[in-house]
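Trainee: Quick one: the structure is below, and I'll ask about it shortly.
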Amino acid sequence: MSIVHIMKNWLKIVAVALLFYVHIAGILFAVPRLNILNETIRALYFHVPMWFGMVLLFLLSVYYSIRYLRNPLPQHDYRAVEYANVGLVFGILGMLTGMLWANFAWGSPWHGDPKQNGAAIALLVYLAYFVLRGSVENEEQRGRLSAVYNIFAFAAMVPLIFIIPRMTSSMHPGSGGNPGFNMYDLDSRMRLVFYPAVVGWFLVGVWIVSLRVKVRTLEEEILEIEHGKIH
């Protein structure tokens, strides 16, 4: 068994152990007693780490898109699309957990908050990425066009989520003059759960991507074998 294979297995074990710990600690560990938020602040362990995981997965997707433009190998395209795929799922889960949290903290799941609107637009931009891929039949052309669009999508996501909300009035911490979590409630108790949650969700995302790439590669190999038998 190779060292790389052993490391991959250990990363899977670490990912499962971290998320098991996060779910138990996220429910049972003490949290700061803040006005309005109260116990709902536990959603921080799931909502924010999923967004962090989404951004990291999208970043890896862009990395493989750039590699594909430099060297158009199918494996680079597979990885680019699957990292975007799983990143989009993380983004949707982050949106849903955020809406659930907002429903208790702000009184309704959607307030038209700049960060909510920016996140929704960013997810729509990435949905268009998959629409683009589905509209082009030629494999190489599809790979190149989607790679270029993927870079544009990431460049658009950064200001929509991280820059514009900070410049406008927003109910999110760290935006529109509101203090960030580090300043008033992400104390040492929450950090013990929050940071492992970020690492755990990201590792699970990478694990899912690796499985999807393997499946896609096997499907392509089966199609090539069947095509060879026909001819």
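Here, A, B, ... name the chains of the structure tokens in the order displayed, residue numbers run from 1 inside each chain, and ligands are numbered from 1 in the same displayed order.
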What's around Pro109 of chain A at 12 Å? Count only C-alpha atoms, leave out sequence neighbours fewer than 2 positions away in its own chain, and write the answer as a PyMOL selection string.
Mentor: chain A and resi 95-107+111-113+116
Trainee: If you run DSSP on the backbone here, which positions in segment 17-226 of chain A get helix (DSSP H, G or I)? Please write them as a PyMOL selection string.
Mentor: chain A and resi 17-28+38-70+74-105+114-135+139-167+181-184+188-226
Trainee: Do a neighbour search on segment 132-143 of chain A at 12 Å with only C-alpha atoms, toss out local chain neighbours closer than 4 positions, and write the hits as number ranges by chain.
Mentor: A: 64-81, 84-85, 125-128, 147-150
Trainee: So, with only C-alpha atoms as the atoms that count, which of A:Asn117, A:Thr217, A:Ser210, A:Thr40 lies closest to Val86 of chain A?
Mentor: A:Ser210
Trainee: What separation in Å, quoted to one decimal, exists between atom CA of Ala122 of chain A and atom CA of Met157 of chain A?
Mentor: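 That distance, rounded to one decimal, is 5.1 Å.
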Trainee: Given only C-alpha atoms, how would the per-residue table for segment 32-65 of chain A near segment 160-163 of chain A read, listing every residue at most 12 Å away with its closest atom pair and distance in Å to one decimal, sorted by chain and number, as JSON lines?
Mentor:
```
{"residue": "A:Trp51", "atom": "CA", "partner": "A:Ile161", "partner_atom": "CA", "distance": 9.9}
{"residue": "A:Phe52", "atom": "CA", "partner": "A:Ile161", "partner_atom": "CA", "distance": 11.2}
{"residue": "A:Met54", "atom": "CA", "partner": "A:Ile161", "partner_atom": "CA", "distance": 11.7}
{"residue": "A:Val55", "atom": "CA", "partner": "A:Ile161", "partner_atom": "CA", "distance": 10.0}
```
Trainee: Emit the selected residues as a compact mmCIF listing (two decimals), in the first residue's frame, including N, CA and C atoms.
Mentor:
```txt
# COMPACT_ATOMS: atom_id res chain seq x y z
N TRP A 51 -19.86 27.43 4.36
CA TRP A 51 -19.48 28.50 3.43
C TRP A 51 -17.98 28.50 3.21
N PHE A 52 -17.22 28.31 4.29
CA PHE A 52 -15.76 28.24 4.14
C PHE A 52 -15.38 27.07 3.24
N MET A 54 -17.24 25.72 0.96
CA MET A 54 -17.66 26.08 -0.40
C MET A 54 -16.60 26.91 -1.10
N VAL A 55 -16.09 27.93 -0.41
CA VAL A 55 -15.09 28.82 -1.01
C VAL A 55 -13.81 28.04 -1.35
```
Trainee: Neighbouring residues of Ala30 of chain A were defined as those with any atom within 10 Å, considering only C-alpha atoms; residues of the same chain fewer than 4 positions away were excluded. Please report them as a PDB file with C-alpha atoms, in the first residue's frame.
Mentor:
```pdb
ATOM      1  CA  ALA A  25     -19.760  19.151  20.933  1.00  0.00           C
ATOM      2  CA  GLY A  26     -21.927  21.548  18.924  1.00  0.00           C
ATOM      3  CA  GLU A  39     -28.896  28.839  21.738  1.00  0.00           C
ATOM      4  CA  ARG A  42     -24.839  26.806  17.686  1.00  0.00           C
ATOM      5  CA  ARG A 189     -15.118  27.533  23.907  1.00  0.00           C
ATOM      6  CA  MET A 190     -16.584  28.048  20.444  1.00  0.00           C
TER       7      MET A 190
END
```
